[in-house]
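Shown next: structure.cif, containing mmCIF, C-alpha atoms.
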```cif
data_upload
loop_
_atom_site.label_atom_id
_atom_site.label_comp_id
_atom_site.auth_asym_id
_atom_site.auth_seq_id
_atom_site.Cartn_x
_atom_site.Cartn_y
_atom_site.Cartn_z
CA MET A 266 -201.29 -143.56 375.93
CA THR A 267 -198.91 -144.90 373.30
CA LYS A 268 -199.84 -145.21 369.65
CA ASP A 269 -199.89 -148.99 369.94
CA GLN A 270 -202.25 -148.81 372.89
CA LEU A 271 -204.65 -146.64 370.87
CA ALA A 272 -204.29 -148.82 367.77
CA GLN A 273 -205.13 -151.90 369.82
CA MET A 274 -208.40 -150.24 370.86
CA ILE A 275 -209.50 -149.94 367.25
CA ASP A 276 -211.75 -152.27 365.25
CA HIS A 277 -211.15 -150.87 361.77
CA THR A 278 -214.62 -150.90 360.31
CA TYR A 279 -215.68 -151.34 356.68
CA LEU A 280 -219.40 -152.02 356.71
CA ARG A 281 -220.72 -150.75 353.44
CA MET A 282 -223.66 -152.09 351.48
CA ASP A 283 -221.83 -151.11 348.26
CA GLY A 284 -218.42 -152.21 349.51
CA ASN A 285 -216.11 -154.12 347.19
CA ASP A 286 -212.93 -156.21 347.30
CA ASP A 287 -210.72 -153.14 346.78
CA GLY A 288 -212.23 -151.57 349.89
CA VAL A 289 -211.64 -154.77 351.89
CA LEU A 290 -208.00 -154.91 350.75
CA ARG A 291 -207.44 -151.29 351.66
CA ALA A 292 -208.97 -151.76 355.13
CA CYS A 293 -206.77 -154.82 355.73
CA TYR A 294 -203.55 -153.07 354.67
CA GLU A 295 -204.37 -150.03 356.80
CA ALA A 296 -205.07 -152.27 359.79
CA MET A 297 -201.72 -154.07 359.33
CA TYR A 298 -199.84 -150.78 358.95
CA TYR A 299 -201.26 -149.29 362.17
CA ASN A 300 -201.58 -152.60 364.05
CA PHE A 301 -205.30 -152.26 364.73
CA THR A 302 -206.91 -155.13 366.65
CA SER A 303 -209.24 -156.11 363.85
CA VAL A 304 -210.99 -155.32 360.59
CA ALA A 305 -214.79 -155.38 361.01
CA LEU A 306 -216.67 -156.63 357.95
CA LEU A 307 -219.96 -157.99 356.68
CA PRO A 308 -219.77 -161.79 356.40
CA THR A 309 -219.57 -161.91 352.59
CA MET A 310 -216.26 -160.03 352.85
CA ILE A 311 -214.67 -162.30 355.46
CA PRO A 312 -212.98 -164.90 353.19
CA LEU A 313 -210.87 -162.29 351.34
CA ALA A 314 -209.84 -160.55 354.58
CA VAL A 315 -208.89 -163.86 356.20
CA LYS A 316 -206.63 -164.60 353.26
CA ILE A 317 -204.95 -161.16 353.36
CA LEU A 318 -204.50 -161.16 357.14
CA GLU A 319 -203.34 -164.77 357.39
CA GLU A 320 -199.78 -163.96 358.51
CA SER A 321 -200.75 -160.87 360.51
CA PRO A 322 -201.87 -160.42 364.14
CA VAL A 323 -204.85 -158.37 362.88
CA LYS A 324 -208.06 -160.33 363.35
CA VAL A 325 -211.22 -160.48 361.27
CA ASP A 326 -214.28 -159.16 363.11
CA ALA A 327 -217.66 -160.37 361.80
CA ALA A 328 -220.71 -158.06 361.82
CA LEU A 329 -223.51 -160.51 362.57
CA SER A 330 -227.31 -160.25 362.31
CA PHE A 331 -226.64 -156.85 360.81
CA PHE A 332 -228.06 -154.40 361.36
CA ARG A 333 -231.47 -155.14 362.86
CA GLY A 334 -230.81 -158.36 364.77
CA ARG A 335 -234.20 -159.79 363.92
CA TYR A 336 -233.54 -163.50 363.49
CA PRO A 337 -234.58 -166.42 365.67
CA LEU A 338 -231.86 -167.79 367.94
CA GLU A 339 -231.07 -170.89 365.86
CA LEU A 340 -230.53 -168.80 362.72
CA LYS A 341 -228.41 -166.26 364.60
CA MET A 342 -226.19 -169.04 365.88
CA PHE A 343 -225.94 -170.60 362.41
CA GLU A 344 -224.46 -167.32 361.17
CA VAL A 345 -222.03 -167.19 364.11
CA GLU A 346 -220.82 -170.71 363.27
CA ASP A 347 -220.59 -169.88 359.58
CA SER A 348 -218.37 -166.85 360.33
CA ILE A 349 -216.13 -168.86 362.65
CA LYS A 350 -215.73 -171.51 359.93
CA MET A 351 -214.63 -168.79 357.52
CA GLY A 352 -211.99 -167.59 359.98
CA ALA A 353 -213.54 -164.74 361.98
CA GLU A 354 -211.96 -164.39 365.43
CA GLU A 355 -214.04 -161.55 366.81
CA LEU A 356 -217.84 -161.66 366.67
CA ASP A 357 -220.12 -158.61 366.92
CA ILE A 358 -223.81 -159.50 366.99
CA VAL A 359 -226.89 -157.28 367.04
CA ILE A 360 -229.07 -158.34 369.96
CA SER A 361 -232.80 -159.01 369.68
CA VAL A 362 -233.82 -155.53 370.81
CA ASN A 363 -237.46 -156.61 370.60
CA LEU A 364 -236.90 -159.09 373.45
CA LEU A 365 -235.68 -156.25 375.65
CA LYS A 366 -238.66 -154.07 374.69
CA GLU A 367 -241.06 -156.95 375.39
CA LYS A 368 -239.31 -157.65 378.72
CA LYS A 369 -238.53 -161.25 377.69
CA TYR A 370 -235.30 -161.19 379.67
CA ASP A 371 -235.00 -164.97 379.96
CA LEU A 372 -234.92 -165.27 376.16
CA LEU A 373 -232.33 -162.49 375.91
CA GLU A 374 -230.21 -164.26 378.51
CA LYS A 375 -230.50 -167.47 376.49
CA GLU A 376 -229.41 -165.59 373.36
CA PHE A 377 -226.30 -164.20 375.07
CA SER A 378 -225.41 -167.55 376.71
CA GLU A 379 -225.75 -169.42 373.43
CA PHE A 380 -223.64 -166.77 371.67
CA VAL A 381 -220.85 -167.21 374.23
CA ARG A 382 -221.10 -171.00 374.03
CA VAL A 383 -221.01 -171.14 370.23
CA ALA A 384 -218.15 -168.59 370.10
CA ASN A 385 -216.13 -171.07 372.13
CA GLY A 386 -213.56 -168.67 373.52
CA LEU A 387 -213.49 -166.13 370.69
CA THR A 388 -214.19 -162.48 371.50
CA THR A 389 -217.93 -161.83 371.75
CA LYS A 390 -219.55 -158.39 371.47
CA VAL A 391 -223.25 -157.69 371.87
CA ILE A 392 -224.54 -154.59 370.11
CA LEU A 393 -227.32 -152.96 372.12
CA GLU A 394 -228.24 -150.17 369.66
CA THR A 395 -228.43 -147.82 372.63
CA CYS A 396 -230.18 -145.02 370.71
CA LEU A 397 -233.33 -147.16 370.75
CA LEU A 398 -233.18 -147.99 374.48
CA THR A 399 -234.12 -146.35 377.77
CA ASP A 400 -231.41 -146.19 380.42
CA ASP A 401 -233.17 -149.00 382.32
CA GLU A 402 -233.10 -151.19 379.20
CA LYS A 403 -229.39 -150.42 378.65
CA ILE A 404 -228.63 -151.39 382.25
CA THR A 405 -230.67 -154.61 381.97
CA ALA A 406 -228.89 -155.66 378.77
CA CYS A 407 -225.47 -154.85 380.28
CA LYS A 408 -226.22 -156.89 383.41
CA ILE A 409 -227.30 -159.88 381.32
CA ALA A 410 -224.12 -159.55 379.23
CA ARG A 411 -221.96 -159.29 382.35
CA ASP A 412 -223.56 -162.37 383.89
CA THR A 413 -223.41 -164.55 380.78
CA GLY A 414 -219.72 -164.09 380.02
CA VAL A 415 -219.94 -161.81 377.00
CA SER A 416 -216.57 -160.11 376.26
CA PHE A 417 -217.84 -156.65 375.27
CA VAL A 418 -221.01 -154.61 375.38
CA LYS A 419 -221.15 -152.36 372.33
CA THR A 420 -223.22 -149.22 371.80
CA SER A 421 -224.27 -149.13 368.15
CA THR A 422 -224.39 -150.66 364.70
CA GLY A 423 -223.64 -147.26 363.17
CA PHE A 424 -226.73 -147.52 360.98
CA LYS A 425 -229.07 -145.78 363.42
CA SER A 426 -227.20 -143.33 365.60
CA GLY A 427 -223.85 -143.32 367.34
CA ALA A 428 -222.16 -143.69 370.70
CA THR A 429 -222.73 -141.05 373.37
CA VAL A 430 -220.57 -140.29 376.40
CA HIS A 431 -223.59 -140.86 378.61
CA ASP A 432 -224.20 -144.36 377.22
CA VAL A 433 -220.57 -145.41 377.41
CA ALA A 434 -220.29 -144.21 381.02
CA LEU A 435 -223.53 -145.97 381.98
CA MET A 436 -222.41 -149.20 380.32
CA ARG A 437 -219.00 -149.06 382.00
CA LYS A 438 -220.59 -148.38 385.38
CA THR A 439 -222.91 -151.39 384.92
CA VAL A 440 -220.40 -153.96 383.70
CA GLY A 441 -217.48 -152.75 385.85
CA ASP A 442 -214.32 -154.48 384.76
CA VAL A 443 -216.08 -157.76 383.94
CA CYS A 444 -216.74 -156.81 380.28
CA GLY A 445 -215.15 -154.45 377.81
CA VAL A 446 -217.11 -151.52 376.44
CA LYS A 447 -217.00 -150.84 372.70
CA ALA A 448 -218.11 -147.41 371.49
CA SER A 449 -219.16 -147.28 367.86
CA GLY A 450 -221.06 -145.14 365.39
CA GLY A 451 -220.30 -141.56 364.44
CA ILE A 452 -216.77 -141.42 365.92
CA ARG A 453 -214.92 -139.48 363.26
CA ASN A 454 -211.91 -137.92 364.98
CA TRP A 455 -209.43 -138.29 367.82
CA LYS A 456 -211.17 -135.63 369.91
CA GLN A 457 -214.43 -137.64 369.94
CA ALA A 458 -212.54 -140.89 370.48
CA LYS A 459 -210.65 -139.49 373.49
CA VAL A 460 -213.84 -138.35 375.22
CA LEU A 461 -215.36 -141.82 374.82
CA ILE A 462 -212.20 -143.52 376.08
CA ASP A 463 -212.23 -141.22 379.10
CA ALA A 464 -215.86 -142.20 379.69
CA GLY A 465 -214.89 -145.87 379.88
CA ALA A 466 -214.63 -147.27 376.36
CA ASN A 467 -211.72 -149.65 375.78
CA ARG A 468 -212.61 -150.50 372.18
CA LEU A 469 -213.69 -148.25 369.32
CA GLY A 470 -215.57 -149.31 366.20
CA VAL A 471 -214.52 -146.73 363.62
CA SER A 472 -214.14 -146.36 359.89
CA ALA A 473 -212.01 -143.26 360.48
CA GLY A 474 -209.22 -145.21 362.20
CA VAL A 475 -206.48 -143.87 359.96
CA SER A 476 -207.33 -140.19 360.50
CA ILE A 477 -207.83 -140.80 364.23
CA MET A 478 -204.31 -142.25 364.42
CA LYS A 479 -202.84 -139.35 362.42
CA GLU A 480 -204.53 -136.78 364.67
CA PHE A 481 -203.37 -138.63 367.76
CA LEU A 482 -199.77 -138.80 366.52
CA LYS A 483 -199.79 -135.11 365.68
CA GLU A 484 -201.22 -134.11 369.06
CA THR A 485 -198.88 -136.26 371.10
CA GLY A 486 -195.84 -135.71 368.91
CA GLN A 487 -195.15 -139.48 368.67
CA MET B 53 -256.98 -146.74 339.35
CA LYS B 54 -259.18 -147.29 342.41
CA LYS B 55 -257.67 -147.46 345.92
CA HIS B 56 -259.02 -151.00 346.21
CA ASP B 57 -257.06 -152.08 343.11
CA ILE B 58 -253.93 -150.30 344.33
CA ALA B 59 -254.18 -152.17 347.65
CA LYS B 60 -254.24 -155.49 345.82
CA LYS B 61 -250.78 -154.72 344.43
CA MET B 62 -249.42 -153.41 347.71
CA ILE B 63 -246.87 -155.03 349.98
CA THR B 64 -246.00 -153.43 353.27
CA SER B 65 -243.84 -154.23 356.27
CA ILE B 66 -243.02 -153.48 359.85
CA LEU B 67 -239.33 -154.23 360.23
CA ASP B 68 -237.71 -151.85 362.69
CA THR B 69 -235.01 -153.09 365.04
CA ASP B 70 -237.19 -152.37 368.07
CA THR B 71 -240.64 -153.32 366.72
CA THR B 72 -242.61 -155.20 369.36
CA GLU B 73 -245.30 -157.87 369.00
CA GLN B 74 -247.91 -155.38 370.18
CA GLN B 75 -246.91 -152.93 367.44
CA ILE B 76 -247.10 -155.69 364.84
CA ILE B 77 -250.56 -156.74 366.01
CA GLU B 78 -251.86 -153.17 365.76
CA PHE B 79 -250.22 -152.59 362.37
CA VAL B 80 -251.60 -155.79 360.84
CA GLY B 81 -255.05 -154.99 362.24
CA LYS B 82 -255.04 -151.72 360.29
CA CYS B 83 -253.67 -153.40 357.14
CA LEU B 84 -256.44 -155.99 357.12
CA LYS B 85 -259.01 -153.28 356.40
CA TYR B 86 -257.61 -153.35 352.86
CA PRO B 87 -257.15 -156.24 350.38
CA MET B 88 -253.34 -156.02 350.42
CA TYR B 89 -251.17 -158.49 348.53
CA GLY B 90 -248.87 -159.23 351.46
CA ILE B 91 -247.08 -158.12 354.60
CA VAL B 92 -243.38 -158.68 355.28
CA PHE B 93 -242.40 -160.00 358.72
CA ASP B 94 -238.91 -160.60 360.03
CA LEU B 95 -237.85 -164.22 360.48
CA ASN B 96 -238.10 -163.87 364.25
CA CYS B 97 -241.80 -163.02 364.12
CA ILE B 98 -243.22 -165.08 361.27
CA ASP B 99 -245.13 -167.24 363.73
CA LEU B 100 -247.01 -164.14 364.76
CA GLY B 101 -247.47 -163.14 361.11
CA LEU B 102 -248.93 -166.54 360.24
CA GLU B 103 -251.31 -166.35 363.17
CA LEU B 104 -252.48 -162.82 362.33
CA LEU B 105 -252.99 -163.48 358.61
CA ASP B 106 -254.51 -166.94 359.00
CA GLY B 107 -257.68 -167.23 356.92
CA THR B 108 -257.02 -164.04 354.93
CA ASP B 109 -255.82 -163.63 351.34
CA CYS B 110 -252.92 -161.47 352.52
CA LYS B 111 -249.61 -163.31 352.10
CA VAL B 112 -247.00 -163.81 354.81
CA ILE B 113 -243.65 -162.72 353.37
CA THR B 114 -240.26 -162.75 355.07
CA VAL B 115 -236.79 -161.32 354.37
CA SER B 116 -233.23 -162.59 354.39
CA SER B 117 -229.98 -160.63 354.26
CA TYR B 118 -231.99 -157.44 354.45
CA PRO B 119 -231.16 -154.66 354.04
CA LEU B 120 -227.34 -154.72 353.86
CA SER B 121 -227.18 -157.90 351.77
CA GLY B 122 -223.91 -158.93 353.38
CA MET B 123 -224.92 -162.40 354.50
CA THR B 124 -223.28 -165.50 353.04
CA THR B 125 -224.93 -168.10 350.82
CA PRO B 126 -225.05 -170.85 353.53
CA VAL B 127 -226.79 -168.45 355.93
CA LYS B 128 -229.36 -167.43 353.32
CA VAL B 129 -229.99 -171.08 352.44
CA GLU B 130 -230.61 -171.78 356.14
CA HIS B 131 -233.08 -168.87 356.25
CA ILE B 132 -234.92 -170.33 353.25
CA LYS B 133 -235.14 -173.77 354.90
CA TYR B 134 -236.50 -172.17 358.06
CA ALA B 135 -239.11 -170.20 356.10
CA ILE B 136 -240.17 -173.35 354.23
CA SER B 137 -240.48 -175.26 357.51
CA LYS B 138 -242.88 -172.56 358.73
CA GLY B 139 -244.94 -172.84 355.54
CA ILE B 140 -244.83 -169.21 354.50
CA ASP B 141 -245.54 -167.92 350.98
CA GLU B 142 -242.60 -165.77 349.92
CA ILE B 143 -239.10 -164.76 350.89
CA ASP B 144 -237.29 -161.62 349.71
CA ILE B 145 -233.53 -162.11 349.61
CA GLY B 146 -230.66 -159.66 349.22
CA LEU B 147 -228.06 -160.70 346.67
CA ASN B 148 -224.28 -160.70 347.20
CA TYR B 149 -223.60 -157.01 346.50
CA ASN B 150 -219.97 -157.37 347.53
CA ALA B 151 -219.45 -159.88 344.70
CA PHE B 152 -221.09 -157.84 341.99
CA LYS B 153 -219.51 -154.56 343.09
CA SER B 154 -216.20 -156.42 342.78
CA GLY B 155 -217.00 -157.79 339.34
CA ARG B 156 -217.17 -161.40 340.51
CA MET B 157 -220.23 -162.34 338.47
CA GLY B 158 -219.44 -166.04 338.83
CA ASP B 159 -219.92 -165.70 342.59
CA VAL B 160 -223.14 -163.76 342.04
CA ARG B 161 -224.40 -166.64 339.91
CA LYS B 162 -223.37 -169.31 342.43
CA ASP B 163 -225.24 -167.46 345.19
CA ILE B 164 -228.41 -167.19 343.11
CA GLU B 165 -228.24 -170.83 342.01
CA ALA B 166 -227.88 -172.03 345.61
CA ILE B 167 -230.81 -169.87 346.69
CA MET B 168 -233.08 -171.17 343.91
CA LYS B 169 -232.05 -174.78 344.56
CA ALA B 170 -232.86 -174.45 348.28
CA ALA B 171 -236.23 -172.87 347.51
CA GLY B 172 -237.26 -175.36 344.82
CA ASP B 173 -241.00 -175.12 344.32
CA LYS B 174 -241.66 -174.87 348.05
CA ILE B 175 -241.46 -171.10 348.42
CA LYS B 176 -241.56 -168.11 346.07
CA VAL B 177 -238.23 -166.29 345.99
CA VAL B 178 -237.97 -162.58 345.20
CA LEU B 179 -234.38 -161.46 344.71
CA MET B 180 -233.26 -157.93 345.56
CA PRO B 181 -230.25 -156.73 343.55
CA GLN B 182 -230.47 -153.01 344.61
CA PHE B 183 -230.71 -151.39 341.19
CA ALA B 184 -229.67 -147.96 342.49
CA ILE B 185 -226.06 -149.07 342.94
CA LEU B 186 -225.89 -150.88 339.59
CA THR B 187 -225.16 -149.69 336.07
CA ASN B 188 -227.71 -150.60 333.39
CA ASN B 189 -225.36 -153.29 332.11
CA GLU B 190 -225.11 -154.77 335.62
CA LYS B 191 -228.91 -154.70 336.01
CA ALA B 192 -229.32 -156.57 332.72
CA ASP B 193 -226.57 -159.07 333.60
CA ILE B 194 -228.09 -159.85 336.98
CA CYS B 195 -231.58 -160.31 335.57
CA LYS B 196 -230.15 -162.62 332.90
CA ILE B 197 -228.39 -164.72 335.55
CA MET B 198 -231.60 -164.76 337.60
CA LEU B 199 -233.68 -166.04 334.67
CA GLU B 200 -231.09 -168.70 333.84
CA SER B 201 -231.27 -169.86 337.46
CA GLY B 202 -235.06 -169.98 337.48
CA ALA B 203 -235.70 -166.74 339.40
CA THR B 204 -238.51 -164.91 337.66
CA THR B 205 -239.25 -162.02 340.04
CA VAL B 206 -236.89 -159.13 340.73
CA LYS B 207 -237.38 -156.54 343.44
CA THR B 208 -235.79 -153.28 342.33
CA SER B 209 -234.39 -152.32 345.72
CA THR B 210 -234.44 -153.42 349.32
CA GLY B 211 -236.39 -150.24 349.91
CA TRP B 212 -233.82 -149.19 352.48
CA GLY B 213 -231.41 -146.43 351.64
CA TYR B 214 -232.26 -146.20 347.95
CA ASN B 215 -235.28 -145.23 345.88
CA THR B 216 -236.51 -146.79 342.64
CA ILE B 217 -237.16 -144.68 339.58
CA VAL B 218 -239.81 -145.63 337.03
CA GLU B 219 -237.19 -145.82 334.24
CA GLU B 220 -235.71 -148.85 336.01
CA VAL B 221 -239.03 -150.69 335.77
CA LYS B 222 -239.40 -149.76 332.11
CA PHE B 223 -235.81 -150.84 331.39
CA ILE B 224 -236.31 -154.35 332.76
CA LYS B 225 -239.71 -154.75 331.12
CA ARG B 226 -238.24 -153.63 327.78
CA LEU B 227 -235.41 -156.16 328.00
CA PHE B 228 -237.22 -159.14 329.48
CA GLY B 229 -240.95 -158.51 328.96
CA ASP B 230 -243.21 -161.00 330.68
CA ASN B 231 -240.34 -163.33 331.54
CA MET B 232 -239.34 -161.17 334.49
CA ALA B 233 -241.87 -159.87 337.01
CA VAL B 234 -240.80 -156.59 338.61
CA GLU B 235 -241.64 -155.63 342.17
CA VAL B 236 -240.87 -152.06 343.14
CA ALA B 237 -239.52 -151.02 346.52
CA GLY B 238 -238.07 -147.74 347.64
CA GLY B 239 -239.64 -144.32 347.50
CA VAL B 240 -243.30 -145.13 346.68
CA ARG B 241 -245.18 -142.87 349.09
CA THR B 242 -248.26 -141.64 347.21
CA ALA B 243 -251.06 -143.25 345.19
CA GLY B 244 -249.81 -141.38 342.12
CA GLU B 245 -246.31 -142.83 342.46
CA ALA B 246 -247.75 -146.32 342.95
CA VAL B 247 -249.93 -146.06 339.83
CA GLU B 248 -246.97 -144.76 337.80
CA MET B 249 -244.92 -147.86 338.74
CA LEU B 250 -247.80 -150.27 338.05
CA GLU B 251 -248.55 -148.69 334.67
CA ALA B 252 -244.87 -149.03 333.76
CA GLY B 253 -245.26 -152.79 334.23
CA ALA B 254 -244.56 -153.46 337.92
CA THR B 255 -246.57 -156.40 339.24
CA SER B 256 -246.59 -155.05 342.79
CA PHE B 257 -244.99 -152.37 344.94
CA HIS B 258 -243.64 -152.22 348.45
CA THR B 259 -244.31 -149.25 350.69
CA SER B 260 -243.69 -148.39 354.31
CA THR B 261 -246.47 -145.78 354.19
CA PRO B 262 -249.54 -147.86 353.19
CA PHE B 263 -252.14 -145.75 354.97
CA GLN B 264 -250.83 -142.52 353.51
CA ILE B 265 -251.36 -144.07 350.07
CA LEU B 266 -254.73 -145.69 350.73
CA GLU B 267 -256.27 -143.00 352.89
CA GLY B 268 -254.54 -139.93 351.45
#
```
Could you write out this structure as structure tokens?
Amino acid sequence: MTKDQLAQMIDHTYLRMDGNDDGVLRACYEAMYYNFTSVALLPTMIPLAVKILEESPVKVDAALSFFRGRYPLELKMFEVEDSIKMGAEELDIVISVNLLKEKKYDLLEKEFSEFVRVANGLTTKVILETCLLTDDEKITACKIARDTGVSFVKTSTGFKSGATVHDVALMRKTVGDVCGVKASGGIRNWKQAKVLIDAGANRLGVSAGVSIMKEFLKETGQ
Amino acid sequence: MKKHDIAKKMITSILDTDTTEQQIIEFVGKCLKYPMYGIVFDLNCIDLGLELLDGTDCKVITVSSYPLSGMTTPVKVEHIKYAISKGIDEIDIGLNYNAFKSGRMGDVRKDIEAIMKAAGDKIKVVLMPQFAILTNNEKADICKIMLESGATTVKTSTGWGYNTIVEEVKFIKRLFGDNMAVEVAGGVRTAGEAVEMLEAGATSFHTSTPFQILEG
């Protein structure tokens, strides 16, 4: 793996309740320096990041319905549209976990289809919050995502618990090469990142992107 | 203070990511044994909340931009419109923390003004500035902006991630007196703690452990 290949797997994540403009600026400059795919932010922080990243290939990744996903479909989609209007090009949304628990699969399918439709070609990621799900529920959600044209299935918001090798492998096995798999939550170093990539992840949601890159460069001598 | 009187000032909620309808039904059933002020439901289950609390004095309350408070003004306004269309009593809304942690108080004000305009007199708005991450000057500034925009109830915290200390209640009451009602959220887990907050001037308190308080 080259350093650019690793950098392109990284969504550089700054999702802090007490975050400020300085933190957004720093995340954007770090992402430009390392050529990360995106900077992942809460919607209130999107306008500043869009302005900073205007001339750069780094995209703005919106954290939507964060972090509990408990909004009716029409309100979820309003937020997706609002983020697109502000300039977000990647869209990570927390799914309605309750629908999965209540076995309302048709409504979950409608949620994913609408998300893909409203995103209109932009990168869509559905966050399953795998730590709350049984393996059967993870498989069901991944199948629905695969069949509705979602770009990535993603493990975690990072506010509950993080990505496990087991979950990433199960998700990859279920979606095959139809969707990407984004591992997120609790990935603090290159060693952890490598294990998850080996298990099938092709995107990482991390706030430790800079130290992961430094460790990778040191290990590989690049 | 009697348990009955404590219950009247109590707000509780069932807001986990994976909470099911069945869990909500059971939870509300237990709550209705007490004369609680209100129960908070997420926007995707307020129909169920309205159905379960129909004919009771317990208020149906919902939340927007909770708990991270990173949602934009247009999204929060849309949430308010939705809540009004459902006819519910109150909505608790997270403020724009990013703006006030960046010193953009003008943006904080614009957000609050848009929220209050959307709500009008159709729904009670309770704003949540998250006192624990604010200096005393910031707390006072935000409450001043709130009052100037017509918001007369402040909730000390979202209740998630941060606790409220009684000094915060006293501080706001000392500065603003009866002009600003204070709801407490975050860290109230015993009857003693609840009474302490109420005696300091809080009009109500939010707890995720209602039965521990009322039956303990």
*Looking at only C-alpha atoms, which of A:Met351, A:Leu340, A:Ala314, A:Val475 is the one that sits closest to Val127 in chain B?*
A:Leu340
*asked:* From the options B:Met157, B:Lys60, B:Ser121, B:Asp173, which residue's atoms come nearest to Lys196 in chain B, counting all atoms listed in the file?
replied: B:Met157
Report as a tab-separated table the residues of range 157-186 of chain B within 10 Å of range 213-233 of chain B, each with its shortest atom pair and distance in Å (one decimal), using all atoms listed in the file, ordered by chain and increasing residue number.
```
residue	atom	partner	partner_atom	distance
B:Val178	CA	B:Ala233	CA	9.5
B:Gln182	CA	B:Tyr214	CA	7.8
B:Phe183	CA	B:Thr216	CA	7.5
B:Ala184	CA	B:Tyr214	CA	6.3
B:Ile185	CA	B:Tyr214	CA	8.5
```
*What residues come out when you apply the PyMOL selection byres ((chain B) within 9 of (chain A)) to this file, written as JSON, numbers by chain?*
{"B": [67, 68, 69, 70, 71, 72, 73, 74, 94, 95, 96, 97, 117, 118, 119, 120, 121, 122, 123, 124, 125, 126, 127, 130, 131, 134, 148, 149, 150, 151, 152, 153, 154, 155, 185]}
*asked:* Given only C-alpha atoms as the basis, pick out the residue of B:Ala246, B:Leu105, B:Met168, B:Leu186 nearest to Thr205 in chain B.
replied: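 Of B:Ala246, B:Leu105, B:Met168, B:Leu186, the one nearest Thr205 in chain B, counting only C-alpha atoms, is B:Met168.
Against the coordinates shown, the PyMOL selection byres ((chain A and resi 268-273) around 10) returns Met266, Thr267, Met274, Ile275, Asp276, His277, Ala296, Tyr299, Asn300, Phe301, Thr302, Ser303, Val323, Ala458, Lys459, Ile462, Asn467, Arg468, Leu469, Gly474, Val475, Ile477, Met478, Lys479, Phe481, Leu482, Thr485 and Gln487 of chain A.
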*Mind pulling up the distance from CA of Glu402 in chain A to CA of Ser426 in chain A?*
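These atoms are spaced 16.8 Å apart.
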*asked:* Please report the interatomic distance between CA of Ser378 in chain A and CA of Leu100 in chain B in Å with one decimal.
replied: 24.9 Å
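Compared by their closest atoms to Glu480 in chain A, and using only C-alpha atoms, the residues A:Ile409, A:Val433, A:Thr395, A:Lys456 rank with A:Lys456 nearest.
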*Would you write out, as a ChimeraX atom specification, every residue that the PyMOL selection byres ((chain A and resi 446) around 9) captures in this file?*
/A:390,416-420,433,436-437,440,444-445,447-448,465-469
*Smallest atom-to-atom distance to Lys82 in chain B: which of B:Thr64, B:Gly139, B:Thr259, B:Ile58, using all atoms listed in the file?*
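Counting all atoms listed in the file, the residue closest to Lys82 in chain B is B:Thr64.
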*When you draw a straight line from CA of Asp442 in chain A to CA of Ser472 in chain A, how long is it in Å?*
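About the pair CA of Asp442 in chain A and CA of Ser472 in chain A: they are 26.2 Å apart.
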Could you write range 203-213 of chain B as a short mmCIF file (atom, residue, chain, number, x, y, z; two decimals), in the frame of the given file, with N, CA and C atoms rebuilt where they are missing?
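To be explicit, this is the file written out as result-v8.cif:
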```cif
data_model
loop_
_atom_site.label_atom_id
_atom_site.label_comp_id
_atom_site.auth_asym_id
_atom_site.auth_seq_id
_atom_site.Cartn_x
_atom_site.Cartn_y
_atom_site.Cartn_z
N ALA B 203 -235.08 -167.81 338.58
CA ALA B 203 -235.70 -166.74 339.40
C ALA B 203 -236.42 -165.79 338.47
N THR B 204 -237.73 -165.66 338.63
CA THR B 204 -238.51 -164.91 337.66
C THR B 204 -239.13 -163.64 338.24
N THR B 205 -238.78 -163.29 339.48
CA THR B 205 -239.25 -162.02 340.04
C THR B 205 -238.07 -161.25 340.61
N VAL B 206 -237.95 -159.98 340.21
CA VAL B 206 -236.89 -159.13 340.73
C VAL B 206 -237.53 -157.99 341.52
N LYS B 207 -236.95 -157.71 342.68
CA LYS B 207 -237.38 -156.54 343.44
C LYS B 207 -236.32 -155.47 343.23
N THR B 208 -236.74 -154.30 342.79
CA THR B 208 -235.79 -153.28 342.33
C THR B 208 -234.79 -152.84 343.39
N SER B 209 -235.24 -152.83 344.64
CA SER B 209 -234.39 -152.32 345.72
C SER B 209 -234.81 -153.03 347.00
N THR B 210 -233.98 -152.93 348.01
CA THR B 210 -234.44 -153.42 349.32
C THR B 210 -235.47 -152.47 349.89
N GLY B 211 -235.50 -151.24 349.36
CA GLY B 211 -236.39 -150.24 349.91
C GLY B 211 -235.74 -149.45 351.03
N TRP B 212 -234.54 -149.87 351.41
CA TRP B 212 -233.82 -149.19 352.48
C TRP B 212 -232.62 -148.47 351.88
N GLY B 213 -232.59 -147.17 352.07
CA GLY B 213 -231.41 -146.43 351.64
C GLY B 213 -231.47 -145.94 350.20
#
```
